[in-house]
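S.K.: Can you read through this structure? Questions will come right after.
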Amino acid sequence: MELLELTATFFRIGLFSFGGGYAMIPLIEVETVLRHQWLERVQFVDIIAIAEMTPGPIAVNSATFVGYKVAGVAGSAAATLGVILPSIIIVLLLATLFEKRRHHAYVAAVLRGVKPVVVSLIFLAGVSVFKKSITDLPTAAVGVLAFVVTTKTRINPILILVGAGVLGALFF
Amino acid sequence: MKRLLLLFRVFFVIGAFTFGGGYAMVPLMRRELVERYSLIKDEEFLDIFALVQGAPGPIAVNVSLYTGFHIAGLKGAMVSVLGTVLPSFLIILALVALGARYLELPAVVAAFRAIRPAVVALIVASGISVARRVINDARGLILALAAFLAVAFGVHPALAVAGGALVGVVLERRGGSRGTA
């Protein structure tokens with residue numbers, strides 16, 4: 001019963017959050033802290049911090065964590081499934097609808113209008129991580145170094161992240 | 001089969017190593033799928049990135065689902081989403097099993113402190129590269145700046161996306177469209 005409730009709750013969270021994982025955080029708080037009282041507020045803050053610190057989509061990280069707190073590994077699976085199920089249904093629907101119609105005049109017009117907005121959302125994500133991460137000279141130096149390496153060489157970006165991590169562990 | 005395995009591997013590695021959520025992950029997907037493995041054209045990938053803004057849920061999950069579908073049908077979609085989600089799932093479970101205190105070890109804290117600025121660099125570099133592809137006239141630039149300011153001042157991102165779609169359609173109806181973005 002608890003598992004079903006987890007899936008249903010995270011399904012709602014996945015369904016009603018447009019704008020990616022960060023947009024989900026307030027919704028996750030309402031559902032898990034206020035409505036179901038699965039977590040205390042302090043725990044919620046910890047979970048979001050951990051979700052931000054670990055790789056992968058924030059929404060999946062927090063669903064896995066909350067699910068575990070409520071009902072162990074099965075809870076994690078139930079919550080994660082719930083949070084991605086709306087995506088699976090809606091994106092596949094979108095994909096089957098649009099796959100053949102991407103060049104239709106109106107679809108093309110919508111895409112032409114949306115793409116510049118996507119560019120601004122990418123930069124806003126950059127600004128948001130920037131504010132949380134570049135706080136002094138060493139962190140700024142890592143940022144600049146990573147930028148130069150990623151734009152001037154063809155080194156795999158994942159290696160750049162790993163390299164930054166090693167650099168940090170050794171010298172920070 | 002080989003293609004499905006490749007898809008799984010690409011998304012799994014990105015899911016396992018990318019800190020900072022969807023907008024940090026998608027640029028890596030673009031680089032791997034478009035530039036490294038030529039599984040999809042850049043044009044198509046950017047179309048998909050724009051199209052999935054119309055769907056709710058985590059951006060990284062949505063982009064992996066759609067690109068997986070585009071490249072290898074339903075199976076491709078399933079394999080890709082599994083690859084994206086599985087690392088997070090396993091890492092979080094490992095963390096609760098071992099105790100989140102490992103995240104507080106000085107070396108781990110120091111590593112994260114250096115990884116985050118690198119994530120910023122990747123996001124900005126990808127923003128520039130996408131902007132070069134997508135913004136090719138004054139109209140696009142104005143739209144991007146307007147959306148940036150609107151969202152920076154608290155407008156919901158979904159509303160900005162809807163606004164962009166509306167502007168696109170209105171300009172199309174007025175016959176003001178030229179070329180393809």
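Chain labels run A, B, ... following the order of the structure tokens; each chain numbers its residues from 1, and ligands are numbered from 1 in the order shown.
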Excluding range 133-135 of chain A and any residue of its chain fewer than 5 positions from it, enumerate the residues within 10 Å of it, using only C-alpha atoms, and give them as a PyMOL selection string.
M.R.: (chain A and resi 127-128+140-143) or (chain B and resi 112-120)
S.K.: Keeping C-alpha atoms for every residue in the selection just given, could you write it to a file as a PDB file, in the first residue's frame?
M.R.:
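Listing of again.pdb after writing:
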ATOM      1  CA  VAL A 127      24.176  30.992 -13.617  1.00  0.00           C
ATOM      2  CA  SER A 128      22.415  28.986 -10.930  1.00  0.00           C
ATOM      3  CA  ALA A 140      37.056  30.451 -10.435  1.00  0.00           C
ATOM      4  CA  ALA A 141      40.387  29.131 -11.709  1.00  0.00           C
ATOM      5  CA  VAL A 142      38.979  25.602 -12.057  1.00  0.00           C
ATOM      6  CA  GLY A 143      35.996  27.027 -13.922  1.00  0.00           C
TER       7      GLY A 143
ATOM      8  CA  PHE B 112      32.891  18.403  -5.284  1.00  0.00           C
ATOM      9  CA  ARG B 113      34.095  21.947  -4.723  1.00  0.00           C
ATOM     10  CA  ALA B 114      36.201  21.607  -7.890  1.00  0.00           C
ATOM     11  CA  ILE B 115      33.688  19.597  -9.927  1.00  0.00           C
ATOM     12  CA  ARG B 116      30.929  22.201  -9.668  1.00  0.00           C
ATOM     13  CA  PRO B 117      32.883  25.029 -11.351  1.00  0.00           C
ATOM     14  CA  ALA B 118      33.780  22.549 -14.103  1.00  0.00           C
ATOM     15  CA  VAL B 119      30.055  21.841 -14.505  1.00  0.00           C
ATOM     16  CA  VAL B 120      29.482  25.594 -14.899  1.00  0.00           C
TER      17      VAL B 120
END
S.K.: For chain A against chain B, which residues fall within 6 Å using only C-alpha atoms, given as a PDB file with C-alpha atoms, in the first residue's frame?
M.R.:
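iface-v1.pdb, written as the output of this step:
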ATOM      1  CA  GLY A  14       6.629  14.075 -12.306  1.00  0.00           C
ATOM      2  CA  LEU A  15       3.394  15.001 -14.040  1.00  0.00           C
ATOM      3  CA  SER A  17       6.557  19.761 -12.862  1.00  0.00           C
ATOM      4  CA  PHE A  18       7.588  21.489 -16.021  1.00  0.00           C
ATOM      5  CA  GLY A  19      11.055  22.968 -16.257  1.00  0.00           C
ATOM      6  CA  GLY A  20      13.163  20.085 -14.985  1.00  0.00           C
ATOM      7  CA  GLY A  21      14.293  18.738 -11.637  1.00  0.00           C
ATOM      8  CA  PRO A  55      25.360  12.766 -10.222  1.00  0.00           C
ATOM      9  CA  GLY A  56      22.232  12.318 -12.311  1.00  0.00           C
ATOM     10  CA  PRO A  57      18.843  13.984 -12.540  1.00  0.00           C
ATOM     11  CA  ILE A  58      17.904  15.721  -9.256  1.00  0.00           C
ATOM     12  CA  ASN A  61      18.020  11.207  -6.888  1.00  0.00           C
ATOM     13  CA  THR A  64      15.239   7.212  -4.783  1.00  0.00           C
ATOM     14  CA  SER A  87       7.796  11.316 -18.837  1.00  0.00           C
ATOM     15  CA  ALA A 109       7.419  27.685 -36.190  1.00  0.00           C
ATOM     16  CA  VAL A 110       6.937  26.553 -32.588  1.00  0.00           C
ATOM     17  CA  ARG A 112      11.897  28.283 -33.950  1.00  0.00           C
ATOM     18  CA  GLY A 113      10.291  30.181 -31.083  1.00  0.00           C
ATOM     19  CA  VAL A 114      11.212  27.674 -28.378  1.00  0.00           C
ATOM     20  CA  LYS A 115      14.880  27.145 -29.278  1.00  0.00           C
ATOM     21  CA  PRO A 116      16.092  30.616 -28.253  1.00  0.00           C
ATOM     22  CA  VAL A 117      14.229  30.135 -24.961  1.00  0.00           C
ATOM     23  CA  VAL A 119      19.358  28.693 -24.973  1.00  0.00           C
ATOM     24  CA  SER A 120      18.410  31.098 -22.202  1.00  0.00           C
ATOM     25  CA  ILE A 122      20.832  26.596 -20.469  1.00  0.00           C
ATOM     26  CA  PHE A 123      22.558  29.846 -19.472  1.00  0.00           C
ATOM     27  CA  GLY A 126      24.811  27.845 -15.667  1.00  0.00           C
ATOM     28  CA  PHE A 130      27.784  29.384 -10.837  1.00  0.00           C
ATOM     29  CA  SER A 133      29.981  27.014  -6.795  1.00  0.00           C
ATOM     30  CA  ILE A 134      32.279  29.815  -7.879  1.00  0.00           C
ATOM     31  CA  GLY A 143      35.996  27.027 -13.922  1.00  0.00           C
ATOM     32  CA  ALA A 146      37.624  23.644 -17.538  1.00  0.00           C
ATOM     33  CA  PHE A 147      36.111  26.137 -19.969  1.00  0.00           C
ATOM     34  CA  LEU A 161      34.720  16.515 -14.586  1.00  0.00           C
ATOM     35  CA  ALA A 164      38.447  18.553 -11.784  1.00  0.00           C
ATOM     36  CA  GLY A 165      37.419  16.196  -8.981  1.00  0.00           C
ATOM     37  CA  GLY A 168      40.041  19.324  -6.013  1.00  0.00           C
ATOM     38  CA  ALA A 169      40.683  16.283  -3.808  1.00  0.00           C
ATOM     39  CA  PHE A 172      41.612  22.136  -2.292  1.00  0.00           C
TER      40      PHE A 172
END
S.K.: Report, in Å with one decimal, the straight-line distance from CA of Ala97 in chain B to CA of Thr54 in chain A.
M.R.: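 Computing the Euclidean distance for CA of Ala97 in chain B and CA of Thr54 in chain A yields 14.8 Å.
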S.K.: Report, in Å to a single decimal, how far apart CA of Leu6 in chain A and CA of Leu39 in chain A are.
M.R.: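 Computing the Euclidean distance for CA of Leu39 in chain A and CA of Leu6 in chain A yields 12.8 Å.
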S.K.: What gap, in Å, lies between CA of Pro86 in chain A and CA of Val60 in chain A?
M.R.: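 A separation of 12.9 Å between them.
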S.K.: From the set B:Leu82, B:Gly175, B:Lys75, B:Val155, which residue has the shortest atom-to-atom contact distance to Arg3 in chain B, counting only C-alpha atoms?
M.R.: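 With only C-alpha atoms as the atom set, the closest residue is B:Lys75.
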S.K.: From a backbone DSSP assignment, name each residue in chain A labelled alpha helix (DSSP H), as a ChimeraX atom specification.
M.R.: /A:2-16,21-29,41-53,58-98,105-133,137-152,157-171
S.K.: So, counting only C-alpha atoms, which residue among A:Thr80, A:Thr96, A:Ser62, A:Thr7 is closest to Ile25 in chain A?
M.R.: A:Ser62
S.K.: When you count only C-alpha atoms, which of these residues is closest to Val83 in chain A: A:Val42, A:Ile13, A:Val166, A:Ala95?
M.R.: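 With only C-alpha atoms as the atom set, the closest residue is A:Ile13.
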S.K.: Considering only C-alpha atoms, return as a list in words whatever protein or nucleic-acid residues lie within 10 Å of Met1 in chain B, sequence-local ones (same chain, fewer than 6 positions apart) excluded.
M.R.: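 So the residues in contact are Leu7, Ala72, Lys75 and Gly76 of chain B.
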